[in-house]
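Chemist: Below is the file coords-v1.txt, which contains compact mmCIF, C-alpha atoms.
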# COMPACT_ATOMS: atom_id res chain seq x y z
CA MET A 1 127.29 -2.62 268.56
CA ALA A 2 126.15 -0.07 266.01
CA ILE A 3 127.46 -0.25 262.45
CA GLU A 4 125.90 2.15 259.97
CA ASN A 5 126.37 2.21 256.19
CA LEU A 6 126.44 5.85 255.12
CA LYS A 7 127.04 4.82 251.51
CA ARG A 8 126.58 1.49 249.72
CA GLY A 9 127.71 0.21 246.34
CA LYS A 10 125.57 -1.84 244.00
CA PRO A 11 123.78 -4.86 245.55
CA GLU A 12 125.50 -8.25 245.68
CA ALA A 13 122.83 -9.73 243.38
CA GLU A 14 123.76 -7.33 240.60
CA ARG A 15 127.45 -8.05 241.08
CA ALA A 16 126.72 -11.79 240.86
CA GLU A 17 124.87 -11.25 237.59
CA ASP A 18 127.88 -9.45 236.17
CA ASP A 19 130.13 -12.30 237.29
CA ALA A 20 127.93 -14.89 235.56
CA LYS A 21 128.21 -13.04 232.25
CA VAL A 22 131.99 -12.92 232.56
CA ARG A 23 132.12 -16.67 233.34
CA ALA A 24 130.22 -17.58 230.19
CA VAL A 25 132.41 -15.42 227.93
CA VAL A 26 135.61 -16.82 229.41
CA GLU A 27 134.49 -20.45 229.15
CA ALA A 28 133.66 -20.10 225.46
CA THR A 29 136.88 -18.22 224.71
CA LEU A 30 139.16 -20.74 226.42
CA ALA A 31 137.43 -23.59 224.59
CA ASP A 32 138.08 -21.78 221.30
CA ILE A 33 141.77 -21.32 222.13
CA GLU A 34 142.08 -25.00 222.99
CA ALA A 35 140.38 -26.03 219.75
CA ARG A 36 142.05 -23.63 217.32
CA GLY A 37 145.28 -22.50 218.98
CA ASP A 38 147.16 -19.68 217.29
CA ALA A 39 144.29 -18.90 214.90
CA ALA A 40 141.91 -18.23 217.80
CA VAL A 41 144.53 -16.18 219.65
CA ARG A 42 145.12 -14.03 216.57
CA GLU A 43 141.39 -13.42 216.04
CA LEU A 44 140.99 -12.37 219.66
CA ALA A 45 144.03 -10.08 219.54
CA VAL A 46 142.70 -8.37 216.42
CA LYS A 47 139.17 -8.12 217.81
CA PHE A 48 139.99 -6.76 221.26
CA ASP A 49 143.33 -5.02 220.79
CA GLY A 50 143.26 -4.19 217.07
CA TYR A 51 146.72 -5.72 216.90
CA ASP A 52 147.97 -8.15 214.26
CA ARG A 53 151.48 -9.34 213.48
CA GLU A 54 153.13 -12.46 212.12
CA SER A 55 154.31 -13.58 215.54
CA TYR A 56 153.14 -12.12 218.84
CA ARG A 57 156.48 -12.99 220.40
CA LEU A 58 158.99 -10.14 220.29
CA SER A 59 162.40 -10.95 218.82
CA ALA A 60 165.60 -9.97 220.61
CA GLU A 61 166.14 -7.21 218.04
CA GLU A 62 162.62 -5.85 218.56
CA ILE A 63 163.07 -5.85 222.33
CA GLU A 64 166.32 -3.91 222.00
CA ALA A 65 164.72 -1.33 219.68
CA ILE A 66 161.65 -0.90 221.88
CA ILE A 67 163.70 -0.47 225.06
CA ALA A 68 165.80 2.20 223.31
CA LYS A 69 162.68 4.41 223.31
CA VAL A 70 162.65 4.61 227.13
CA SER A 71 164.12 7.84 228.45
CA ALA A 72 167.16 7.74 230.72
CA ARG A 73 165.15 9.05 233.70
CA ASP A 74 162.34 6.52 233.19
CA MET A 75 164.88 3.71 232.91
CA GLU A 76 166.57 4.86 236.13
CA ASP A 77 163.20 4.86 237.92
CA ILE A 78 162.31 1.40 236.56
CA LYS A 79 165.64 0.01 237.74
CA PHE A 80 165.23 1.59 241.19
CA ALA A 81 161.75 0.13 241.67
CA GLN A 82 162.81 -3.27 240.40
CA ALA A 83 165.78 -3.28 242.77
CA GLN A 84 163.45 -2.72 245.74
CA VAL A 85 161.23 -5.62 244.70
CA VAL A 86 164.21 -7.89 244.09
CA ASN A 87 165.85 -7.01 247.42
CA PHE A 88 162.72 -7.86 249.40
CA ALA A 89 162.14 -11.03 247.36
CA LYS A 90 165.71 -12.13 248.12
CA ALA A 91 165.12 -11.55 251.83
CA GLN A 92 161.94 -13.64 251.62
CA ARG A 93 163.78 -16.39 249.69
CA ASP A 94 166.49 -16.47 252.34
CA SER A 95 163.80 -17.10 254.97
CA MET A 96 162.83 -20.36 253.22
CA ARG A 97 165.24 -23.09 254.19
CA ASP A 98 165.60 -26.65 253.04
CA VAL A 99 165.16 -28.95 256.02
CA GLU A 100 166.74 -32.29 256.95
CA VAL A 101 166.33 -33.74 260.43
CA GLU A 102 166.88 -37.10 262.13
CA THR A 103 163.51 -37.53 263.85
CA LEU A 104 164.39 -40.95 265.31
CA PRO A 105 167.69 -42.84 265.28
CA GLY A 106 168.19 -43.86 261.66
CA VAL A 107 165.12 -41.99 260.32
CA ILE A 108 165.90 -38.95 258.17
CA LEU A 109 163.12 -36.62 257.00
CA GLY A 110 163.53 -33.51 254.93
CA HIS A 111 162.12 -31.10 252.42
CA LYS A 112 163.51 -29.21 249.46
CA ASN A 113 162.21 -25.95 247.99
CA ILE A 114 162.23 -26.46 244.21
CA PRO A 115 161.36 -23.75 241.66
CA VAL A 116 158.38 -24.23 239.39
CA GLN A 117 159.87 -25.07 235.99
CA SER A 118 157.91 -22.59 233.86
CA VAL A 119 155.75 -19.59 234.62
CA GLY A 120 153.56 -17.28 232.57
CA CYS A 121 153.47 -13.70 233.89
CA TYR A 122 150.56 -11.54 232.81
CA VAL A 123 151.17 -7.80 232.92
CA PRO A 124 148.02 -5.67 232.39
CA GLY A 125 148.43 -2.68 230.14
CA GLY A 126 145.58 -2.02 227.74
CA LYS A 127 144.29 1.01 229.64
CA PHE A 128 147.22 1.79 231.94
CA PRO A 129 150.67 0.31 231.18
CA MET A 130 151.35 -1.58 234.42
CA VAL A 131 155.13 -1.34 234.45
CA ALA A 132 155.29 -2.33 238.11
CA SER A 133 153.50 -5.64 237.49
CA ALA A 134 156.52 -6.85 235.55
CA HIS A 135 158.73 -6.39 238.62
CA MET A 136 156.24 -8.17 240.83
CA SER A 137 155.97 -11.30 238.69
CA VAL A 138 158.95 -11.58 236.34
CA ALA A 139 161.69 -10.32 238.66
CA THR A 140 160.32 -12.28 241.63
CA ALA A 141 160.20 -15.47 239.56
CA LYS A 142 163.84 -14.90 238.61
CA VAL A 143 164.82 -14.56 242.28
CA ALA A 144 163.06 -17.89 242.90
CA GLY A 145 165.17 -19.53 240.18
CA VAL A 146 162.40 -20.38 237.67
CA PRO A 147 164.22 -21.63 234.54
CA ARG A 148 161.59 -20.53 231.98
CA ILE A 149 159.78 -17.23 232.49
CA ILE A 150 157.43 -15.97 229.79
CA ALA A 151 155.55 -12.70 229.95
CA ALA A 152 152.59 -11.27 228.08
CA THR A 153 151.16 -7.75 227.96
CA PRO A 154 148.64 -6.15 225.62
CA PRO A 155 149.63 -3.39 223.20
CA PHE A 156 149.23 0.15 224.51
CA GLU A 157 147.80 2.57 221.97
CA GLY A 158 148.57 0.10 219.21
CA GLU A 159 152.19 -0.69 220.08
CA PRO A 160 154.20 -2.59 222.70
CA ASN A 161 154.72 -0.22 225.62
CA PRO A 162 158.46 0.47 225.88
CA ALA A 163 158.55 0.86 229.66
CA VAL A 164 156.63 -2.39 230.24
CA ILE A 165 158.84 -4.30 227.79
CA ALA A 166 161.94 -2.84 229.47
CA ALA A 167 160.74 -3.95 232.91
CA MET A 168 159.96 -7.47 231.62
CA HIS A 169 163.35 -7.77 229.94
CA LEU A 170 165.32 -6.37 232.88
CA GLY A 171 163.33 -8.62 235.22
CA GLY A 172 164.53 -11.73 233.41
CA ALA A 173 161.75 -12.78 230.99
CA HIS A 174 162.95 -15.39 228.49
CA GLU A 175 160.01 -14.87 226.10
CA ILE A 176 157.87 -11.74 225.71
CA TYR A 177 154.50 -11.74 223.93
CA VAL A 178 152.37 -8.74 223.00
CA LEU A 179 149.05 -10.28 223.92
CA GLY A 180 146.35 -9.24 226.35
CA GLY A 181 143.26 -10.52 228.11
CA ILE A 182 141.85 -14.04 227.97
CA GLN A 183 143.90 -14.81 224.85
CA ALA A 184 147.16 -14.15 226.71
CA VAL A 185 146.52 -16.25 229.81
CA GLY A 186 144.73 -18.92 227.75
CA ALA A 187 147.63 -19.26 225.33
CA MET A 188 150.21 -19.43 228.12
CA ALA A 189 148.28 -22.05 230.09
CA ILE A 190 146.80 -24.19 227.30
CA GLY A 191 149.56 -23.73 224.76
CA THR A 192 149.33 -23.26 221.02
CA GLU A 193 151.33 -24.34 217.99
CA THR A 194 153.91 -21.65 218.78
CA ILE A 195 153.64 -21.20 222.57
CA GLU A 196 154.69 -24.01 224.88
CA PRO A 197 152.34 -24.15 227.90
CA VAL A 198 153.57 -23.16 231.35
CA HIS A 199 153.11 -24.81 234.75
CA LEU A 200 152.06 -21.67 236.67
CA LEU A 201 150.15 -18.47 235.80
CA VAL A 202 150.69 -15.29 237.81
CA GLY A 203 149.77 -11.64 237.65
CA PRO A 204 146.76 -9.37 238.13
CA GLY A 205 144.17 -8.44 235.54
CA ASN A 206 140.62 -7.38 234.89
CA ALA A 207 137.56 -9.49 235.65
CA PHE A 208 138.02 -11.55 232.46
CA VAL A 209 141.67 -12.34 233.20
CA ALA A 210 140.85 -13.25 236.82
CA GLU A 211 138.03 -15.55 235.70
CA ALA A 212 140.24 -17.15 233.04
CA LYS A 213 142.82 -17.96 235.71
CA ARG A 214 140.09 -19.43 237.90
CA GLN A 215 138.87 -21.71 235.10
CA LEU A 216 142.42 -22.74 234.17
CA TYR A 217 143.35 -23.59 237.76
CA GLY A 218 144.05 -27.30 238.00
CA ARG A 219 145.40 -27.50 234.48
CA VAL A 220 148.05 -25.07 235.71
CA GLY A 221 148.79 -23.53 239.07
CA ILE A 222 147.90 -19.92 239.72
CA ASP A 223 149.21 -17.41 242.20
CA LEU A 224 145.80 -16.31 243.51
CA PHE A 225 142.52 -14.80 242.38
CA ALA A 226 143.55 -11.22 241.73
CA GLY A 227 140.55 -9.48 240.23
CA PRO A 228 139.62 -5.79 240.17
CA THR A 229 141.50 -3.66 242.69
CA GLU A 230 139.94 -3.20 246.13
CA THR A 231 140.99 -0.52 248.57
CA MET A 232 139.94 0.09 252.15
CA VAL A 233 140.77 3.03 254.39
CA ILE A 234 140.48 2.49 258.14
CA ALA A 235 140.68 5.92 259.70
CA ASP A 236 139.85 7.94 262.79
CA GLU A 237 140.13 11.65 263.48
CA THR A 238 143.92 11.56 263.49
CA VAL A 239 143.68 12.16 259.73
CA ASP A 240 141.57 14.44 257.54
CA ALA A 241 139.11 13.98 254.71
CA GLU A 242 141.55 15.02 251.97
CA ILE A 243 143.94 12.16 252.63
CA CYS A 244 141.10 9.64 253.00
CA ALA A 245 139.36 10.70 249.80
CA THR A 246 142.63 10.79 247.89
CA ASP A 247 143.50 7.25 248.99
CA LEU A 248 140.03 5.96 248.05
CA LEU A 249 139.80 7.59 244.61
CA GLY A 250 143.46 6.99 243.87
CA GLN A 251 142.67 3.28 243.59
CA ALA A 252 139.11 3.60 242.23
CA GLU A 253 140.62 4.91 238.99
CA HIS A 254 141.87 1.40 238.17
CA GLY A 255 138.60 0.37 236.54
CA TYR A 256 134.84 0.73 236.53
CA ASN A 257 134.39 -1.98 239.17
CA SER A 258 137.12 -1.26 241.71
CA PRO A 259 135.61 -1.31 245.23
CA ALA A 260 136.68 1.41 247.66
CA CYS A 261 135.58 1.51 251.30
CA LEU A 262 136.05 3.86 254.23
CA ILE A 263 135.66 2.41 257.72
CA THR A 264 135.67 5.00 260.49
CA ASN A 265 134.39 5.74 263.97
CA SER A 266 134.04 9.45 263.18
CA LYS A 267 130.81 10.66 261.58
CA LYS A 268 132.49 14.01 260.99
CA LEU A 269 135.31 12.37 259.03
CA ALA A 270 132.87 10.14 257.12
CA GLU A 271 130.72 13.06 255.97
CA ALA A 272 133.72 15.23 255.17
CA THR A 273 135.27 12.39 253.11
CA LEU A 274 132.05 11.98 251.11
CA ALA A 275 132.11 15.70 250.35
CA GLU A 276 135.82 15.62 249.50
CA CYS A 277 135.27 12.71 247.09
CA ASP A 278 132.65 14.79 245.30
CA ARG A 279 135.10 17.70 245.06
CA LEU A 280 138.00 15.59 243.80
CA LEU A 281 135.85 13.89 241.18
CA GLU A 282 135.31 17.31 239.59
CA ILE A 283 139.07 17.79 239.02
CA LEU A 284 140.59 14.28 238.85
CA PRO A 285 141.72 13.57 235.25
CA THR A 286 140.67 9.93 235.63
CA ALA A 287 137.30 10.82 237.15
CA GLY A 288 135.48 9.18 234.24
CA THR A 289 136.56 5.82 235.64
CA ALA A 290 136.88 6.61 239.32
CA ARG A 291 133.39 8.12 239.53
CA VAL A 292 131.74 4.93 238.27
CA SER A 293 133.68 2.77 240.72
CA TRP A 294 132.94 5.12 243.62
CA GLU A 295 129.24 5.39 242.81
CA GLU A 296 128.67 1.68 242.15
CA TYR A 297 131.29 0.02 244.37
CA GLY A 298 132.06 2.62 247.05
CA ASP A 299 131.10 2.10 250.70
CA VAL A 300 131.34 4.23 253.83
CA VAL A 301 130.87 2.31 257.08
CA LEU A 302 130.47 4.19 260.36
CA CYS A 303 131.26 2.25 263.55
CA ASP A 304 131.10 3.11 267.24
CA THR A 305 134.30 1.38 268.34
CA TYR A 306 137.68 0.24 267.08
CA ASP A 307 136.62 -3.37 267.72
CA GLU A 308 133.70 -2.87 265.33
CA MET A 309 136.02 -1.33 262.74
CA LEU A 310 138.32 -4.34 263.05
CA LYS A 311 135.46 -6.81 262.69
CA VAL A 312 134.07 -5.13 259.57
CA ALA A 313 137.54 -4.92 258.01
CA ASN A 314 138.29 -8.61 258.64
CA ASP A 315 134.86 -9.63 257.34
CA MET A 316 135.31 -7.65 254.11
CA ALA A 317 138.89 -8.94 253.66
CA TYR A 318 139.88 -6.28 251.12
CA GLU A 319 143.00 -6.33 249.01
CA HIS A 320 144.62 -3.04 250.10
CA VAL A 321 144.01 -1.83 253.63
CA GLN A 322 145.28 1.66 254.51
CA VAL A 323 145.30 2.09 258.31
CA MET A 324 145.51 5.65 259.67
CA THR A 325 144.53 5.66 263.33
CA ASP A 326 145.93 6.30 266.79
CA ARG A 327 146.56 2.52 267.10
CA ASP A 328 147.99 1.27 263.82
CA ASP A 329 150.06 -1.44 265.52
CA TRP A 330 146.90 -2.77 267.18
CA PHE A 331 145.35 -3.27 263.74
CA LEU A 332 148.58 -4.93 262.53
CA GLU A 333 148.36 -7.35 265.45
CA HIS A 334 144.66 -8.16 265.04
CA MET A 335 143.96 -7.99 261.30
CA HIS A 336 143.90 -11.51 259.85
CA SER A 337 142.13 -11.29 256.48
CA TYR A 338 143.51 -8.85 253.90
CA GLY A 339 145.91 -8.55 250.99
CA ALA A 340 148.44 -6.05 252.34
CA LEU A 341 148.47 -3.44 255.10
CA PHE A 342 149.69 0.13 254.67
CA LEU A 343 150.30 1.51 258.12
CA GLY A 344 150.16 5.20 258.94
CA PRO A 345 149.58 8.31 256.84
CA ARG A 346 153.19 8.47 255.58
CA THR A 347 152.73 5.42 253.36
CA ASN A 348 150.02 4.65 250.84
CA VAL A 349 148.84 1.97 248.46
CA ALA A 350 150.55 3.60 245.48
CA ASN A 351 153.92 3.07 247.22
CA GLY A 352 153.16 -0.64 247.42
CA ASP A 353 151.87 -0.71 243.87
CA LYS A 354 154.90 0.87 242.27
CA VAL A 355 158.11 1.12 244.21
CA ILE A 356 158.52 0.30 247.90
CA GLY A 357 159.34 -3.39 247.41
CA THR A 358 156.38 -5.43 248.64
CA ASN A 359 154.45 -7.30 245.96
CA HIS A 360 151.32 -5.66 244.55
CA THR A 361 149.67 -8.83 243.23
CA LEU A 362 147.26 -9.42 246.10
CA PRO A 363 144.13 -11.44 246.90
CA THR A 364 140.71 -9.93 246.13
CA ASN A 365 137.11 -11.14 246.52
CA LYS A 366 137.78 -12.16 250.14
CA ALA A 367 140.58 -14.53 249.11
CA GLY A 368 142.67 -12.87 251.82
CA ARG A 369 140.86 -15.19 254.23
CA TYR A 370 142.94 -18.12 252.96
CA THR A 371 145.95 -16.75 251.07
CA GLY A 372 148.41 -13.90 251.08
CA GLY A 373 149.72 -12.16 247.99
CA LEU A 374 152.25 -13.12 245.36
CA TRP A 375 155.76 -13.57 246.76
CA VAL A 376 158.88 -15.51 245.96
CA GLY A 377 157.47 -18.55 247.76
CA LYS A 378 154.64 -18.87 245.20
CA PHE A 379 157.25 -19.83 242.61
CA LEU A 380 158.68 -22.57 244.83
CA LYS A 381 157.27 -26.01 245.61
CA THR A 382 158.16 -27.61 248.92
CA HIS A 383 158.73 -31.33 248.40
CA SER A 384 159.40 -33.78 251.22
CA TYR A 385 161.62 -36.86 251.24
CA GLN A 386 162.54 -39.61 253.68
CA ARG A 387 165.45 -41.97 254.20
CA VAL A 388 165.91 -44.87 256.66
CA THR A 389 169.59 -45.54 257.30
CA THR A 390 169.72 -48.46 259.78
CA ASP A 391 168.28 -51.98 259.94
CA GLU A 392 166.94 -51.29 263.43
CA ALA A 393 165.00 -48.24 262.25
CA ALA A 394 163.61 -50.09 259.22
CA ALA A 395 162.30 -52.91 261.40
CA MET A 396 160.95 -50.63 264.12
CA ILE A 397 159.10 -48.23 261.78
CA GLY A 398 157.99 -51.20 259.67
CA ALA A 399 156.31 -52.85 262.64
CA TYR A 400 154.35 -49.73 263.46
CA GLY A 401 153.49 -49.24 259.80
CA SER A 402 152.30 -52.84 259.42
CA ARG A 403 149.90 -52.66 262.32
CA LEU A 404 148.53 -49.25 261.29
CA CYS A 405 147.98 -50.40 257.70
CA LEU A 406 146.01 -53.46 258.85
CA LEU A 407 144.00 -51.23 261.20
CA GLU A 408 142.69 -49.59 258.03
CA GLY A 409 142.36 -52.85 256.11
CA PHE A 410 145.23 -52.24 253.68
CA VAL A 411 146.88 -55.67 253.48
CA GLY A 412 149.14 -54.75 250.54
CA HIS A 413 150.31 -51.67 252.36
CA ALA A 414 151.10 -53.79 255.42
CA GLU A 415 153.18 -56.18 253.35
CA GLN A 416 155.38 -53.28 252.17
CA CYS A 417 156.22 -52.78 255.84
CA ASN A 418 156.44 -56.52 256.65
CA VAL A 419 159.03 -57.26 253.98
CA ARG A 420 161.30 -54.72 255.66
CA VAL A 421 160.65 -56.27 259.09
CA ARG A 422 161.60 -59.71 257.71
CA ARG A 423 164.62 -58.48 255.81
CA TYR A 424 166.08 -56.02 258.30
CA GLY A 425 164.67 -57.24 261.60
CA GLY A 426 164.96 -60.98 261.15
CA LYS A 427 161.29 -61.55 262.11
CA ASN A 428 159.20 -63.98 260.10
CA VAL A 429 156.00 -62.04 259.46
CA GLY A 430 153.57 -63.78 257.07
CA TYR A 431 151.48 -62.09 254.37
CA GLY A 432 148.59 -60.26 255.94
CA GLU A 433 149.95 -60.58 259.48
CA ALA A 434 150.82 -57.58 261.59
CA ALA A 435 154.42 -57.27 262.63
CA GLU A 436 154.87 -57.33 266.40
What would you get if you wrote out this structure as structure tokens?

Modeler:
Amino acid sequence: MAIENLKRGKPEAERAEDDAKVRAVVEATLADIEARGDAAVRELAVKFDGYDRESYRLSAEEIEAIIAKVSARDMEDIKFAQAQVVNFAKAQRDSMRDVEVETLPGVILGHKNIPVQSVGCYVPGGKFPMVASAHMSVATAKVAGVPRIIAATPPFEGEPNPAVIAAMHLGGAHEIYVLGGIQAVGAMAIGTETIEPVHLLVGPGNAFVAEAKRQLYGRVGIDLFAGPTETMVIADETVDAEICATDLLGQAEHGYNSPACLITNSKKLAEATLAECDRLLEILPTAGTARVSWEEYGDVVLCDTYDEMLKVANDMAYEHVQVMTDRDDWFLEHMHSYGALFLGPRTNVANGDKVIGTNHTLPTNKAGRYTGGLWVGKFLKTHSYQRVTTDEAAAMIGAYGSRLCLLEGFVGHAEQCNVRVRRYGGKNVGYGEAAE
């Protein structure tokens, strides 16, 4: 096997150093929010967003006035995109069934899918107003039946972004806060004098938001670790350099640390894509951001075979994986570690980000090895229950349970089973004895 790196991003050691700095800042900030509540949140909002107001929660009247600023065409587009997300979320919800089954005569086992009771949805928006993120979290939570949905987004150019607020409101948010960054997720998870804490945090964000969610996990649930956007293009000579470079740089514009990787078995395509990236970076309006990501976090990996391409892709476990080859279905069958797949040149990551209906909150930093992305099921908890309906079943299961408890040395556990054997089976089993 021959795998050659034609371009590499910054070394892992340097990336780890950056991560350590972020961890320290987040830890101190969350501790401050816990200690000082609203006062700390206000100071952070003023410091990082230059935004101060009496209450960071928007009133119903403010929401109405802000939404009125959205043009009719923009509102139509927002509603269309949200409908696609809701339709797919409903299909996913319908696939999750409550279960009740009689596993033995008189033994009933089941599970119920119960919505999380409160969720905090973070919608990024300081640099780019992420309208679509509101559909992905707020609207999906509503489909799941979450009874309290709160949403937070930073101000955009000094004001709440009308399109983002509209998407949050239409999606079903019960409370909307104009807060960003660590202060937003910290306030929603920890709670303050004016914000009741939630049970679950969801939504993408920058490195600081992702790290804050990681540190808050346990105190609250989280959807997944969704850090800076990652995009991978798996391509062969069935496509050209323009489409590959466009798909790489189209996601690299997210931030200064958004990894983008091309995996190919064509040296010609690899070299042409490198040249095309250079050309596009001279004309792309967001090149100031995309260039840094491409230079510091961009990779081009040249492989000999499709099997090698598959292995590299699964090992890297990137968030977005655009597959454009003569065997896209083969990659669909064999890929096992990724956020979402985009199959064929007719689709692209931007479709998934904004409109097509799948959720764009996806695992990064190799988390695709153990979790998929945000979906309606993340807002539901599957809880089991059991019921024994006959004396015979109580005595029979109790006898097994008694012996297995004593096998492990749990005498008190065994007695829970024995009392049922005595009561429902008519057998006189003494304390600490195994039921026969």

Chemist: Please measure the separation of atom CA of A:Ser266 and atom CA of A:Lys7, giving the value in Å to one decimal.

Modeler: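 A separation of 14.4 Å between them.
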
Chemist: What is the atom CA of A:Thr358-atom CA of A:Pro204 distance in Å, reported with one decimal?

Modeler: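 These two atoms are separated by 14.8 Å.
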
Chemist: Counting all atoms listed in the file, which residue out of A:Ala31, A:Leu249, A:Ile149, A:Cys405 sits closest to A:Pro197?

Modeler: A:Ile149

Chemist: Restricting the calculation to only C-alpha atoms, which member of A:Gly425, A:Gly203, A:Pro155, A:Gly50 is positioned closest to A:Leu224?

Modeler: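 The answer is A:Gly203, which sits nearest to A:Leu224.
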
Chemist: Please identify all polymer residues within 10 Å of A:His334, counting only C-alpha atoms, omitting same-chain residues fewer than 3 positions from it, and present them as number ranges by chain.

Modeler: A: 307, 310-311, 314, 329-331, 337

Chemist: Using all atoms listed in the file, find all polymer residues with an atom at most 7 Å away from the point (162.4, -20.6, 235.7); report them as an MDAnalysis selection string.

Modeler: chainID A and resid 115:119 141:142 145:149

Chemist: Nearest to A:Ala39 among A:Thr305, A:Asn348, A:Gln386, A:Thr194, with distances taken over all atoms listed in the file: which residue is it?

Modeler: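 Between A:Thr305, A:Asn348, A:Gln386, A:Thr194, the residue approaching A:Ala39 most closely is A:Thr194.
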
Chemist: Report as a list in words all protein, DNA and RNA residues lying within 7 Å of A:Val99, evaluated on only C-alpha atoms, omitting residues in the same chain fewer than 5 positions from it.

Modeler: Gly110, His111 and Lys112 of chain A

Chemist: Given the choices A:Leu262, A:Leu179, A:Val70, A:Ile243, which gets closest to A:Arg53 if the distance is worked out from all atoms listed in the file?

Modeler: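 Of A:Leu262, A:Leu179, A:Val70, A:Ile243, the one nearest A:Arg53 is A:Leu179, counting all atoms listed in the file.
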
Chemist: Do a neighbour search on A:Ala20 at 12 Å with only C-alpha atoms, toss out local chain neighbours closer than 6 positions, and write the hits as a list of chain:residue names.

Modeler: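 Skipping anything fewer than 6 positions along the chain leaves A:Ala13, A:Glu14, A:Val26, A:Glu27, A:Ala207, A:Phe208, A:Glu211.
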
Chemist: Using only C-alpha atoms, which residues sit within 10 Å of A:Arg57 once same-chain residues fewer than 5 positions away are excluded, as a ChimeraX atom specification?

Modeler: /A:62-63,150-152,175-179,194-195

Chemist: Between A:Ala313, A:Val355, A:Leu380, A:Ile222, single out the one closest to A:Asn113, counting only C-alpha atoms.

Modeler: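 Nearest candidate to A:Asn113 out of A:Ala313, A:Val355, A:Leu380, A:Ile222: A:Leu380.
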
Chemist: Excluding same-chain residues fewer than 4 positions from A:Val220, what lies within 12 Å of it counting all atoms listed in the file, as a list of chain:residue names?

Modeler: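 The neighbour list is A:Val116, A:Gln117, A:Ser118, A:Val119, A:Gly120, A:Val185, A:Gly186, A:Ala187, A:Met188, A:Ala189, A:Ile190, A:Gly191, A:Pro197, A:Val198, A:His199, A:Leu200, A:Leu201, A:Val202, A:Ala212, A:Lys213, A:Arg214, A:Gln215, A:Leu216, A:Leu224.
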
Chemist: From the options A:Ala395, A:Leu406, A:Ile283, A:Ser384, which residue's atoms come nearest to A:Lys427, counting all atoms listed in the file?

Modeler: A:Ala395

Chemist: Show me the residues around (163.1, 0.9, 233.6) - criterion: an atom at most 12 Å away, all atoms listed in the file counted - as number ranges by chain.

Modeler: A: 66-83, 131-132, 134-135, 161-171, 354-355

Chemist: With stretch 363-367 of chain A as the partner and 9 Å as the cut-off, tabulate the residues of stretch 228-325 of chain A that qualify, each row holding the nearest pair of atoms and their distance in Å to one decimal, using only C-alpha atoms, sorted by chain and rising number, as a Markdown table.

Modeler:
| residue | atom | partner | partner_atom | distance |
| --- | --- | --- | --- | --- |
| A:Pro228 | CA | A:Thr364 | CA | 7.3 |
| A:Thr229 | CA | A:Thr364 | CA | 7.2 |
| A:Glu230 | CA | A:Thr364 | CA | 6.8 |
| A:Asp315 | CA | A:Lys366 | CA | 8.2 |
| A:Met316 | CA | A:Lys366 | CA | 6.5 |
| A:Ala317 | CA | A:Lys366 | CA | 4.9 |
| A:Tyr318 | CA | A:Thr364 | CA | 6.2 |
| A:Glu319 | CA | A:Thr364 | CA | 5.1 |
| A:His320 | CA | A:Thr364 | CA | 8.9 |
